[in-house]
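Notes follow once the structure below has been shown.
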2 protein chains.
Amino acid sequence: MSEKTIPYKIYLEENEMPKQWYNVRADMKKKPAPLLNSATLEPMTLEELSGVFCEELAKQELDDTTAYIDIPEEIREFYRMYRPAPLVRAYCLEKKLGTPAKIYYKFEGNNTSGSHKLNSAIAQAYYAKKQGLKGVTTETGAGQWGTALSMACSYFDLDCQVYMVKCSYEQKPFRREVMRTYGAHVTPSPSSTTEVGRKILAEHPGTTGSLGCAISEAVETAVNTEGYKYVLGSVLSQVLLHQTVIGLETKAALDKYDITPDIIIGCAGGGSNLGGLISPFVGEMLRGEKDYQVIAVEPASCPSLTRGTYAYDFCDTGMVCPLAKMYTLGCDFIPSANHAGGLRYHGMSSVLSELYDQGLIEARSVEQTEVFAAAEEFARVEGILPAPESSHAIKVALDEAKKCIETGEEKTIVFGLTGTGYFDMYAYEKFHDGAMSDYIPTDEELAKYREKLPKVER
Amino acid sequence: MSEKTIPYKIYLEENEMPKQWYNVRADMKKKPAPLLNSATLEPMTLEELSGVFCEELAKQELDDTTAYIDIPEEIREFYRMYRPAPLVRAYCLEKKLGTPAKIYYKFEGNNTSGSHKLNSAIAQAYYAKKQGLKGVTTETGAGQWGTALSMACSYFDLDCQVYMVKCSYEQKPFRREVMRTYGAHVTPSPSSTTEVGRKILAEHPGTTGSLGCAISEAVETAVNTEGYKYVLGSVLSQVLLHQTVIGLETKAALDKYDITPDIIIGCAGGGSNLGGLISPFVGEMLRGEKDYQVIAVEPASCPSLTRGTYAYDFCDTGMVCPLAKMYTLGCDFIPSANHAGGLRYHGMSSVLSELYDQGLIEARSVEQTEVFAAAEEFARVEGILPAPESSHAIKVALDEAKKCIETGEEKTIVFGLTGTGYFDMYAYEKFHDGAMSDYIPTDEELAKYREKLPKVER
C-alpha cells in the first residue's frame with residue numbers, strides 16, 4: 001500500500017476492536033517467577049491472593065497458560081465510550097525533524113483519566129462489582145490511576161478509597177478535585193489513618209511519600225474493611241493483561257496498512273503501559289515469527305531496570321504485600337522529590353523483568369530536563385501536551401528518529417503516548433523557569449538499599 | 001438503517017472531512033447588519049478592517065455572498081492532526097436517564113487547547129503567516145482561545161501576545177503555563193501596558209476584568225506594533241465561518257447513518273461554537289429544505305440573547321473597536337466574578353443575533369449551580385469531564401431528554417460538547433464545597449447599561 005494512503009490517525013472500526021486480552025505469559029517458555037507468601041516463601045495460592053484481590057482478578061494473576069482471555073461485554077461497552085485510541089502518524093514531527101524515519105504513536109490520552117490507566121480500572125471495577133463488593137481501595141502516584149479508578153467505580157456505583165502519594169497530592173490539588181467529581185475519597189499518603197502509615201511517618205518524618213508506601217496503606221485498609229478489596233494500577237500480571245488492549249489495537253491498526261515496526265518504545269514505571277503495548281509483538285518474538293527492537297524507558301532518578309537487581313522483593317514499602325521477583329531498587333527506595341510525575345516505583349512488573357532478563361527487551365534511562373525538552377518539542381509540532389511519564393518515550397523516539405537522519409535509515413518507530421500533561425503544569429513551570437533538577441542516585445545509595453533485599457533463594 | 005449499527009462514536013474518514021467552510025450569510029435573505037466605523041457610522045471598508053485584521057480575514061469578514069470558501073491545504077493538514085472530532089452517541093447517558101430520546105454530542109475537546117477554538121486559531125495564524133506578519137495579539141477569557149492561538153502560532157512560528165481576563169489568570173495559573181509551553185506571552189487584563197488598560201484600572205480599581213477590556217488592550221497593542229495584527233476567538237463572522245467545520249462534520253456524520261436531529265443545542269458566549277455547529281442546519285432552514293429546533297444556551301449571569309437589546313454597540317469596553325449590531329447588554333457590562341469559565345461576553349455574534357431576531361433559533365439562560373450539577377451527572381456516565389461552558393448545553397440537553405421520558409417522544413437531540421474542564425477544577429471545587437453562587441443581574445442593573453448604548457439609527 002502506498003504511503004500516501006496512510007491517514008494521520010488510524011482508527012479501528014468498533015467491530016475491529018479486541019474481544020480478548022492477550023496473555024503473553026502463555027507464550028513464554030520460561031515463565032515469570034510466581035508471587036511468594038512472605039511468611040512461608042511458598043507460591044501464593046488462589047485462596048491467599050483472594051484475601052486481597054477480587055477472585056476473578058486473582059485467577060488472572062495466577063494464569064500463565066491461557067493465551068487469550070475474553071473481555072466481558074460490560075467492559076467492552078465501556079471501552080467503546082473512549083476507545084479505540086488512535087494510532088497517529090506523526091507526519092508533522094517527521095517533517096520538522098527532517099527524518100527519513102516513520103514515526104507512529106498510540107495515543108491513550110483521549111479520556112478524562114488522561115492516560116491508559118482506564119483500560120485496567122474498568123476491568124478491575126467490573127470484577128469487584130460482579131463479586132458484590134461495596135468498594136475498593138488503591139494507591140495513586142501522579143493521579144492518573146486514581147482518576148481512572150474513580151471513573152470506573154462511579155460507572156459501576158462502587159465506593160473508591162484512594163491513597164495518593166503526598167508529593168503529588170500537594171503538587172496536583174486539581175487531581176483530587178477530578179476524583180471528587182467522580183465521587184472518590186482521597187487521602188494523602190503516608191497518612192495517620194493506617195498502622196503502616198503511622199509507622200512510616202514515625203520513621204521518616206517529612207517524607208513526601210512513594211507508591212510503595214501508598215500501596216501498603218491501601219492494602220491494609222482493604223484487608224481490614226468488610227466488603228472491600230484492593231486494586232492496583234500497574235506491576236501485576238493481571239494489569240498487564242488488561243493493558244494488552246493497547247498493543248492489540250496498535251497491531252491491528254498497523255496490520256491494516258501492512259506496516260511492520262522496527263522499533264517499539266514505551267515508558268516504564270511499574271510496566272503496565274509498556275507491557276500492554278509490547279505484549280502482542282513480544283508474543284511474535286517468543287513464537288519465533290518476527291523480530292523487533294523493544295525499548296523500555298525509565299527515569300534516571302528511579303532506574304529499576306538499568307541499575308536494579310533481579311531478585312525477590314516486597315511490592316510495597318510496608319512489606320504487607322507478597323514477594324515478587326523483579327528488577328528492583330529495594331522496596332524502601334524512595335525516589336528524589338525532584339522527580340516529577342509517575343514512574344516512581346521501586347520495581348518492575350515480573351513479566352517485563354523476565355522478558356528483560358531473557359534479552360527480549362532493552363532498557364534506557366533518561367534525565368528529566370531532557371525529557372521535558374522533548375515534551376515541549378513534541379507539543380509544539382504535534383499539538384498534544386504530553387504527560388511527563390509519556391515524554392520519557394518521546395525522548396527516546398526523538399533520539400532514534402534523529403539517528404535515522406545520520407544513517408539515512410527509514411526505520412518505522414512506534415511509541416506509546418500514554419497520556420496528557422494537563423495536571424502536570426507545575427512541573428512544566430519548573431522546567432520553564434530552569435528550576436528543574438536531575439537527581440541521579442549514587443552507586444553507594446543504591447547499594448544501601450540493595451543490601452536490604454530479602455534473602456530468598458528460588 | 002437499524003439503530004444497532006450506530007457506533008458509540010462516529011468518525012469520518014480523512015477524505016470525508018470538509019474541504020470548504022460554509023458561509024451561512026450567503027443563504028440569509030436579510031443579512032446581518034454591517035460593522036460600522038464608530039467615528040463616521042459608515043460600514044467598515046476592507047481597508048479600514050485591514051488596519052486591525054489580516055487582509056484575508058478582513059475579506060472573509062465582509063463576504064456575505066460566497067456560500068462555500070475553500071479551506072487552504074496547510075490548514076487542512078493541521079486539522080488532520082486532531083480532527084475529525086467524534087460525534088458520540090450517548091448510549092450510557094440514555095440508559096442511565098431511561099429516556100426514549102436519542103442523544104448525540106459533537107466532542108471538540110480532544111486537543112490540547114481543550115476546545116473547538118483551535119479550528120479558527122489555526123486559520124487565523126495561517127493567514128497571518130501568509131501575510132508575512134511577525135505576530136498577533138489577542139484576548140482570552142477562560143483561556144481556551146489563548147491556548148489554541150498559542151498552539152497555532154507555535155506551529156507557524158509566529159509570536160503570540162495574549163491578554164488574559166484577570167479573574168481567569170488568577171483562577172487558572174496552569175493555563176498560563178500551557179500557553180508558555182507553546183511559546184506565548186501572557187498578560188493579565190486590565191494591565192498597565194496599554195493606555196486603555198490604565199484607563200479602565202483608574203475607573204474600576206480592583207476589577208477582575210472582562211473579555212471586553214482584554215479585547216481593547218489587544219487591539220491597541222496590535223495597532224501600535226509593527227508587524228502585528230489582532231485576532232479574535234469569537235463573535236466575528238470570520239470566526240463563525242471557520243467553526244462551521246464542526247457543523248459540517250456533524251452533518252456528514254449524521255447523514256452517513258440517515259439520522260435527522262429534532263433539536264440542536266449549543267452554548268453561546270460570543271457565538272463561535274453555536275454558530276459553527278448550527279450553520280449547515282440553519283442553511284437548510286433558510287433554503288426551506290428542513291426544519292429544526294435550535295437552542296442557544298447562555299448563562300443567567302450574562303444573558304445577552306434572553307435579556308439584551310438588539311442594537312449597535314461596541315465590541316469592546318474600551319470602545320476602540322468598530323460598532324456591531326448585536327444582542328448586547330452594553331459594552332461596559334461586566335459579569336459577576338462569581339461566574340466561572342467563559343461565556344462572559346456582553347454581546348452576541350451579529351450572525352446569530354440576526355438569526356435569533358428572525359426567529360430561526362431560540363435561547364435559554366441557565367444558572368451555574370444547575371449547570372455544574374448537569375456537568376457532574378454527565379461526567380459520571382459518559383466519562384468526559386466537561387468544561388463549564390459546554391455544560392450549559394449539557395444542562396438543556398438533559399432537560400430535553402428528561403421531557404421525552406414524560407412525553408414518550410423519541411426525539412433525536414444533538415448538542416455541542418465544546419471542550420474539557422481540566423483547567424476548571426477550581427470552579428468544580430467551589431461546586432463540591434457548596435460555595436458556588438448564582439448571581440443574576442437585576443432589571444435595574446441591566447437598564448443602567450442599556451441606557452449607555454450608543455445611539456445609532458440604521
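Chain identifiers are assigned as A, B, and so on, following the order in which chains appear in the C-alpha cells; residues are numbered from 1 within each chain, and ligands are numbered from 1 in order of appearance.
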
Practice problem: Taking only C-alpha atoms into account, report as an MDAnalysis selection string which residues of chain B lie within 6 Å of chain A. | Solution: chainID B and resid 112 154:155 174 182 380:381 384:385 425

Practice problem: Please return as a ChimeraX atom specification: the residues of stretch 150-192 of chain B that backbone DSSP assigns to strand (DSSP E or B). | Solution: /B:159-165,185-189

Practice problem: Measure the distance from atom CA of A:Thr309 to atom CA of A:Tyr327 in Å and round it to one decimal. | Solution: 5.1 Å

Practice problem: Pick out each residue of stretch 391-447 of chain B that DSSP on the backbone tags as alpha helix (DSSP H); I need them as number ranges by chain. | Solution: B: 391-407, 425-432, 443-447

Quiz prompt | Closest of B:Ala58, B:Ala101, B:Val320, B:Leu343 to B:Ser272 - atom-to-atom distances counting only C-alpha atoms | solution = B:Leu343
